[in-house]
file protein.csv (CSV, N, CA and C atoms)
chain,number,residue,atom,x,y,z
A,1,MET,N,128.0,91.3,148.0
A,1,MET,CA,128.0,90.1,147.2
A,1,MET,C,126.6,89.9,146.5
A,2,ILE,N,125.5,90.0,147.3
A,2,ILE,CA,124.2,89.8,146.7
A,2,ILE,C,123.9,90.9,145.7
A,3,ASN,N,124.3,92.2,146.0
A,3,ASN,CA,124.1,93.3,145.1
A,3,ASN,C,124.8,93.1,143.8
A,4,SER,N,126.0,92.5,143.8
A,4,SER,CA,126.7,92.2,142.6
A,4,SER,C,126.0,91.2,141.7
A,5,ILE,N,125.4,90.2,142.4
A,5,ILE,CA,124.7,89.2,141.6
A,5,ILE,C,123.4,89.8,141.0
A,6,ARG,N,122.7,90.6,141.8
A,6,ARG,CA,121.5,91.3,141.3
A,6,ARG,C,121.9,92.2,140.1
A,7,GLY,N,123.0,92.9,140.2
A,7,GLY,CA,123.4,93.7,139.1
A,7,GLY,C,123.7,92.9,137.8
A,8,ILE,N,124.4,91.8,138.0
A,8,ILE,CA,124.7,90.9,136.8
A,8,ILE,C,123.4,90.4,136.2
A,9,VAL,N,122.5,90.0,137.1
A,9,VAL,CA,121.2,89.4,136.6
A,9,VAL,C,120.4,90.5,135.8
A,10,GLU,N,120.4,91.7,136.4
A,10,GLU,CA,119.7,92.8,135.7
A,10,GLU,C,120.3,93.2,134.4
A,11,ILE,N,121.6,93.1,134.3
A,11,ILE,CA,122.3,93.4,133.0
A,11,ILE,C,121.9,92.4,132.0
A,12,GLU,N,122.0,91.1,132.4
A,12,GLU,CA,121.6,90.0,131.5
A,12,GLU,C,120.2,90.1,131.0
A,13,GLN,N,119.3,90.5,131.9
A,13,GLN,CA,117.9,90.6,131.6
A,13,GLN,C,117.7,91.8,130.6
A,14,ALA,N,118.4,92.8,130.8
A,14,ALA,CA,118.3,94.0,129.9
A,14,ALA,C,118.8,93.6,128.5
A,15,GLU,N,119.9,92.8,128.4
A,15,GLU,CA,120.5,92.4,127.2
A,15,GLU,C,119.5,91.5,126.4
A,16,LEU,N,118.9,90.6,127.2
A,16,LEU,CA,117.9,89.7,126.6
A,16,LEU,C,116.7,90.4,126.1
A,17,GLU,N,116.3,91.4,126.8
A,17,GLU,CA,115.1,92.2,126.4
A,17,GLU,C,115.5,93.0,125.1
A,18,ALA,N,116.7,93.5,125.0
A,18,ALA,CA,117.1,94.3,123.8
A,18,ALA,C,117.1,93.3,122.6
A,19,GLU,N,117.6,92.1,122.8
A,19,GLU,CA,117.6,91.1,121.7
A,19,GLU,C,116.2,90.8,121.3
A,20,LYS,N,115.3,90.7,122.2
A,20,LYS,CA,113.9,90.4,121.9
A,20,LYS,C,113.3,91.5,121.1
A,21,VAL,N,113.5,92.7,121.5
A,21,VAL,CA,113.0,93.9,120.8
A,21,VAL,C,113.5,93.9,119.4
A,22,GLU,N,114.8,93.6,119.2
A,22,GLU,CA,115.4,93.6,117.9
A,22,GLU,C,114.8,92.5,117.0
A,23,SER,N,114.6,91.4,117.6
A,23,SER,CA,114.0,90.3,116.9
A,23,SER,C,112.5,90.6,116.5
A,24,ASP,N,111.8,91.3,117.4
A,24,ASP,CA,110.4,91.7,117.0
A,24,ASP,C,110.4,92.7,115.9
A,25,LYS,N,111.4,93.6,115.9
A,25,LYS,CA,111.4,94.6,114.8
A,25,LYS,C,111.7,93.9,113.5
A,26,SER,N,112.6,92.9,113.5
A,26,SER,CA,113.0,92.2,112.3
A,26,SER,C,111.8,91.4,111.8
A,27,LEU,N,111.0,90.8,112.7
A,27,LEU,CA,109.9,90.0,112.3
A,27,LEU,C,108.8,91.0,111.7
A,28,GLU,N,108.6,92.1,112.3
A,28,GLU,CA,107.6,93.1,111.8
A,28,GLU,C,108.0,93.6,110.4
A,29,ARG,N,109.3,93.8,110.2
A,29,ARG,CA,109.8,94.3,108.9
A,29,ARG,C,109.6,93.2,107.8
A,30,THR,N,109.9,92.0,108.2
A,30,THR,CA,109.7,90.8,107.2
A,30,THR,C,108.2,90.7,106.9
A,31,ILE,N,107.3,90.8,107.8
A,31,ILE,CA,105.9,90.7,107.6
A,31,ILE,C,105.4,91.9,106.7
A,32,GLN,N,105.9,93.1,106.9
A,32,GLN,CA,105.6,94.2,106.0
A,32,GLN,C,106.0,93.9,104.6
A,33,LEU,N,107.2,93.5,104.4
A,33,LEU,CA,107.7,93.2,103.0
A,33,LEU,C,106.9,92.1,102.3
A,34,TYR,N,106.7,91.0,103.0
A,34,TYR,CA,105.9,89.9,102.4
A,34,TYR,C,104.5,90.4,102.1
A,35,GLY,N,103.9,91.1,103.0
A,35,GLY,CA,102.5,91.6,102.8
A,35,GLY,C,102.4,92.5,101.6
A,36,MET,N,103.4,93.4,101.4
A,36,MET,CA,103.4,94.2,100.3
A,36,MET,C,103.5,93.4,99.0
A,37,ALA,N,104.5,92.5,99.0
A,37,ALA,CA,104.7,91.6,97.8
A,37,ALA,C,103.5,90.8,97.5
A,38,LEU,N,102.8,90.3,98.5
A,38,LEU,CA,101.6,89.5,98.2
A,38,LEU,C,100.5,90.4,97.6
A,39,GLY,N,100.3,91.6,98.2
A,39,GLY,CA,99.3,92.5,97.7
A,39,GLY,C,99.6,92.9,96.2
A,40,ILE,N,100.8,93.2,95.9
A,40,ILE,CA,101.1,93.6,94.5
A,40,ILE,C,100.9,92.4,93.6
A,41,SER,N,101.3,91.2,94.0
A,41,SER,CA,101.1,90.0,93.2
A,41,SER,C,99.6,89.7,92.9
A,42,ALA,N,98.8,90.0,93.9
A,42,ALA,CA,97.4,89.9,93.7
A,42,ALA,C,96.8,90.9,92.7
A,43,ILE,N,97.3,92.1,92.7
A,43,ILE,CA,97.0,93.1,91.7
A,43,ILE,C,97.4,92.6,90.3
A,44,ALA,N,98.7,92.1,90.3
A,44,ALA,CA,99.2,91.7,89.0
A,44,ALA,C,98.4,90.5,88.4
A,45,SER,N,98.1,89.6,89.3
A,45,SER,CA,97.3,88.4,88.8
A,45,SER,C,95.9,88.9,88.3
A,46,GLY,N,95.4,89.9,88.9
A,46,GLY,CA,94.1,90.4,88.4
A,46,GLY,C,94.2,91.1,87.1
A,47,SER,N,95.3,91.7,86.8
A,47,SER,CA,95.4,92.4,85.5
A,47,SER,C,95.8,91.4,84.4
A,48,ILE,N,96.5,90.3,84.8
A,48,ILE,CA,96.9,89.3,83.9
A,48,ILE,C,95.7,88.4,83.5
A,49,TYR,N,94.8,88.2,84.4
A,49,TYR,CA,93.6,87.4,84.1
A,49,TYR,C,92.8,87.9,82.9
A,50,THR,N,92.7,89.2,82.7
A,50,THR,CA,91.9,89.7,81.6
A,50,THR,C,92.6,89.4,80.2
A,51,HIS,N,93.8,89.0,80.2
A,51,HIS,CA,94.5,88.8,78.9
A,51,HIS,C,94.7,87.3,78.6
A,52,ILE,N,94.2,86.4,79.3
A,52,ILE,CA,94.4,85.0,79.1
A,52,ILE,C,93.8,84.4,77.9
A,53,ASP,N,92.7,85.0,77.4
A,53,ASP,CA,92.0,84.5,76.3
A,53,ASP,C,92.7,84.6,75.0
A,54,LYS,N,93.7,85.4,74.9
A,54,LYS,CA,94.5,85.6,73.7
A,54,LYS,C,95.7,84.7,73.6
A,55,PRO,N,95.9,84.0,72.5
A,55,PRO,CA,97.1,83.1,72.4
A,55,PRO,C,98.4,83.9,72.4
A,56,ILE,N,99.4,83.3,73.0
A,56,ILE,CA,100.7,83.9,73.1
A,56,ILE,C,101.5,83.4,71.9
A,57,THR,N,101.9,84.4,71.1
A,57,THR,CA,102.8,84.1,70.0
A,57,THR,C,104.0,85.0,70.1
A,58,VAL,N,105.1,84.4,69.7
A,58,VAL,CA,106.4,85.2,69.8
A,58,VAL,C,106.7,85.6,68.4
A,59,ASP,N,106.8,86.9,68.2
A,59,ASP,CA,107.2,87.5,66.9
A,59,ASP,C,108.0,88.7,67.1
A,60,ILE,N,109.2,88.7,66.7
A,60,ILE,CA,110.1,89.8,67.0
A,60,ILE,C,109.7,91.1,66.3
A,61,LYS,N,109.0,91.0,65.2
A,61,LYS,CA,108.6,92.2,64.4
A,61,LYS,C,107.5,92.9,65.1
A,62,ARG,N,106.7,92.2,65.9
A,62,ARG,CA,105.5,92.9,66.5
A,62,ARG,C,105.9,93.2,68.0
A,63,PRO,N,105.1,94.1,68.6
A,63,PRO,CA,105.3,94.4,70.0
A,63,PRO,C,105.0,93.2,70.9
A,64,PRO,N,105.5,93.1,72.1
A,64,PRO,CA,105.3,91.9,72.9
A,64,PRO,C,103.8,91.8,73.3
A,65,HIS,N,103.4,90.6,73.5
A,65,HIS,CA,102.1,90.2,73.9
A,65,HIS,C,101.7,91.0,75.2
A,66,LEU,N,100.5,91.3,75.4
A,66,LEU,CA,100.0,92.1,76.5
A,66,LEU,C,100.4,91.4,77.8
A,67,ILE,N,100.3,90.0,77.9
A,67,ILE,CA,100.6,89.3,79.1
A,67,ILE,C,102.1,89.5,79.5
A,68,VAL,N,102.9,89.4,78.5
A,68,VAL,CA,104.4,89.6,78.7
A,68,VAL,C,104.6,91.0,79.2
A,69,SER,N,104.0,92.0,78.6
A,69,SER,CA,104.2,93.4,79.1
A,69,SER,C,103.6,93.5,80.5
A,70,SER,N,102.5,92.9,80.7
A,70,SER,CA,101.9,93.0,82.1
A,70,SER,C,102.7,92.4,83.1
A,71,ILE,N,103.3,91.2,82.9
A,71,ILE,CA,104.1,90.5,83.8
A,71,ILE,C,105.4,91.4,84.0
A,72,PHE,N,106.0,91.9,83.0
A,72,PHE,CA,107.2,92.7,83.1
A,72,PHE,C,107.0,93.9,84.0
A,73,TRP,N,106.0,94.7,83.7
A,73,TRP,CA,105.7,95.9,84.4
A,73,TRP,C,105.3,95.6,85.8
A,74,SER,N,104.5,94.6,86.1
A,74,SER,CA,104.2,94.3,87.5
A,74,SER,C,105.4,93.8,88.3
A,75,THR,N,106.3,93.1,87.6
A,75,THR,CA,107.5,92.7,88.3
A,75,THR,C,108.4,93.9,88.6
A,76,VAL,N,108.5,94.8,87.6
A,76,VAL,CA,109.3,96.0,87.9
A,76,VAL,C,108.7,96.9,89.0
A,77,VAL,N,107.4,97.1,89.0
A,77,VAL,CA,106.8,97.8,90.1
A,77,VAL,C,106.9,97.1,91.4
A,78,THR,N,106.7,95.8,91.4
A,78,THR,CA,106.9,95.1,92.7
A,78,THR,C,108.3,95.2,93.2
A,79,LEU,N,109.3,95.0,92.4
A,79,LEU,CA,110.7,95.2,92.9
A,79,LEU,C,111.0,96.6,93.4
A,80,PHE,N,110.5,97.6,92.6
A,80,PHE,CA,110.7,98.9,93.1
A,80,PHE,C,110.0,99.2,94.4
A,81,LEU,N,108.8,98.8,94.6
A,81,LEU,CA,108.1,99.1,95.8
A,81,LEU,C,108.6,98.2,97.0
A,82,PHE,N,109.1,97.0,96.6
A,82,PHE,CA,109.7,96.2,97.7
A,82,PHE,C,111.0,96.8,98.2
A,83,LEU,N,111.8,97.3,97.3
A,83,LEU,CA,113.1,98.0,97.7
A,83,LEU,C,112.8,99.3,98.4
A,84,LEU,N,111.8,100.0,98.0
A,84,LEU,CA,111.4,101.3,98.6
A,84,LEU,C,110.9,101.0,100.1
A,85,THR,N,110.1,100.0,100.2
A,85,THR,CA,109.6,99.6,101.6
A,85,THR,C,110.7,99.1,102.4
A,86,TRP,N,111.6,98.3,101.9
A,86,TRP,CA,112.7,97.8,102.6
A,86,TRP,C,113.6,99.0,103.1
A,87,PHE,N,113.9,99.9,102.2
A,87,PHE,CA,114.7,101.1,102.6
A,87,PHE,C,114.0,101.9,103.7
A,88,LEU,N,112.7,102.2,103.5
A,88,LEU,CA,112.0,103.0,104.5
A,88,LEU,C,111.9,102.3,105.8
A,89,THR,N,111.6,101.0,105.9
A,89,THR,CA,111.5,100.4,107.1
A,89,THR,C,112.9,100.2,107.8
A,90,LYS,N,113.9,100.0,107.0
A,90,LYS,CA,115.3,99.9,107.5
A,90,LYS,C,115.7,101.2,108.2
A,91,LYS,N,115.4,102.3,107.5
A,91,LYS,CA,115.7,103.7,108.0
A,91,LYS,C,115.0,103.9,109.2
A,92,LYS,N,113.7,103.6,109.3
A,92,LYS,CA,112.8,103.8,110.4
A,92,LYS,C,113.3,103.0,111.6
A,93,ASN,N,113.7,101.7,111.4
A,93,ASN,CA,114.2,100.9,112.5
A,93,ASN,C,115.5,101.3,113.0
A,94,ASN,N,116.4,101.8,112.1
A,94,ASN,CA,117.7,102.3,112.6
A,94,ASN,C,117.6,103.6,113.4
A,95,SER,N,116.6,104.4,113.1
A,95,SER,CA,116.5,105.7,113.9
A,95,SER,C,116.0,105.5,115.3
A,96,LYS,N,115.4,104.3,115.6
A,96,LYS,CA,114.8,104.1,116.9
A,96,LYS,C,115.9,103.6,117.9
call {"tool": "encode", "arguments": {"input": "protein.csv", "output": "structure tokens"}}
result
Amino acid sequence: MINSIRGIVEIEQAELEAEKVESDKSLERTIQLYGMALGISAIASGSIYTHIDKPITVDIKRPPHLIVSSIFWSTVVTLFLFLLTWFLTKKKNNSK
């Protein structure tokens, strides 16, 4: 009887430990994604800062303003790297 109770307790502890490990992996992945996004946004804000002194005018006949182009490309790169990091960390976490 006592051995049965010990076995049940050990199984429950193992399940709780597995849930904790999975939760830690999820938190680590979330921190990686947000850290990457913050780093890229810092780079983007640094590149945008140099173009603030020029007024923004919308004219379809001319190419877009440098700040619009900068924001567009930094967003595209951020999304691409975010998805790449998400895919790589998901693949890494699934293989363990």
call {"tool": "atom_distance", "arguments": {"input": "protein.csv", "atom1": "CA of Lys25 (chain A)", "atom2": "CA of Leu81 (chain A)"}}
result
19.8 Å
call {"tool": "atom_distance", "arguments": {"input": "protein.csv", "atom1": "CA of Lys20 (chain A)", "atom2": "CA of Leu84 (chain A)"}}
result
25.8 Å
call {"tool": "atom_distance", "arguments": {"input": "protein.csv", "atom1": "CA of Gln13 (chain A)", "atom2": "atom C of Met1 (chain A)"}}
result
17.3 Å
call {"tool": "axis_aligned_box", "arguments": {"input": "protein.csv", "around": "region 12-21 of chain A", "padding_each_side": "3 Å", "output": "AutoDock Vina command-line options"}}
result
--center_x 117.5 --center_y 92.0 --center_z 125.9 --size_x 15.0 --size_y 10.6 --size_z 19.0
call {"tool": "closest_residue", "arguments": {"input": "protein.csv", "among": "A:Thr89, A:Ser70, A:Leu79, A:Ile8", "to": "Arg29 (chain A)", "atoms": "only N, CA and C atoms"}}
result
A:Thr89
call {"tool": "residues_near_point", "arguments": {"input": "protein.csv", "point": "(105.5, 93.4, 93.6)", "cutoff": "6.5 Å", "atoms": "all atoms listed in the file", "output": "number ranges by chain"}}
result
A: 36-41, 74-75, 77-79, 81-82
call {"tool": "write_last_selection", "arguments": {"input": "protein.csv", "atoms": "N, CA and C atoms", "output": "mmCIF file, keeping the file's coordinate frame"}}
result
data_model
loop_
_atom_site.group_PDB
_atom_site.id
_atom_site.type_symbol
_atom_site.label_atom_id
_atom_site.label_comp_id
_atom_site.auth_asym_id
_atom_site.auth_seq_id
_atom_site.Cartn_x
_atom_site.Cartn_y
_atom_site.Cartn_z
ATOM 1 N N MET A 36 103.400 93.400 101.400
ATOM 2 C CA MET A 36 103.400 94.200 100.300
ATOM 3 C C MET A 36 103.500 93.400 99.000
ATOM 4 N N ALA A 37 104.500 92.500 99.000
ATOM 5 C CA ALA A 37 104.700 91.600 97.800
ATOM 6 C C ALA A 37 103.500 90.800 97.500
ATOM 7 N N LEU A 38 102.800 90.300 98.500
ATOM 8 C CA LEU A 38 101.600 89.500 98.200
ATOM 9 C C LEU A 38 100.500 90.400 97.600
ATOM 10 N N GLY A 39 100.300 91.600 98.200
ATOM 11 C CA GLY A 39 99.300 92.500 97.700
ATOM 12 C C GLY A 39 99.600 92.900 96.200
ATOM 13 N N ILE A 40 100.800 93.200 95.900
ATOM 14 C CA ILE A 40 101.100 93.600 94.500
ATOM 15 C C ILE A 40 100.900 92.400 93.600
ATOM 16 N N SER A 41 101.300 91.200 94.000
ATOM 17 C CA SER A 41 101.100 90.000 93.200
ATOM 18 C C SER A 41 99.600 89.700 92.900
ATOM 19 N N SER A 74 104.500 94.600 86.100
ATOM 20 C CA SER A 74 104.200 94.300 87.500
ATOM 21 C C SER A 74 105.400 93.800 88.300
ATOM 22 N N THR A 75 106.300 93.100 87.600
ATOM 23 C CA THR A 75 107.500 92.700 88.300
ATOM 24 C C THR A 75 108.400 93.900 88.600
ATOM 25 N N VAL A 77 107.400 97.100 89.000
ATOM 26 C CA VAL A 77 106.800 97.800 90.100
ATOM 27 C C VAL A 77 106.900 97.100 91.400
ATOM 28 N N THR A 78 106.700 95.800 91.400
ATOM 29 C CA THR A 78 106.900 95.100 92.700
ATOM 30 C C THR A 78 108.300 95.200 93.200
ATOM 31 N N LEU A 79 109.300 95.000 92.400
ATOM 32 C CA LEU A 79 110.700 95.200 92.900
ATOM 33 C C LEU A 79 111.000 96.600 93.400
ATOM 34 N N LEU A 81 108.800 98.800 94.600
ATOM 35 C CA LEU A 81 108.100 99.100 95.800
ATOM 36 C C LEU A 81 108.600 98.200 97.000
ATOM 37 N N PHE A 82 109.100 97.000 96.600
ATOM 38 C CA PHE A 82 109.700 96.200 97.700
ATOM 39 C C PHE A 82 111.000 96.800 98.200
#
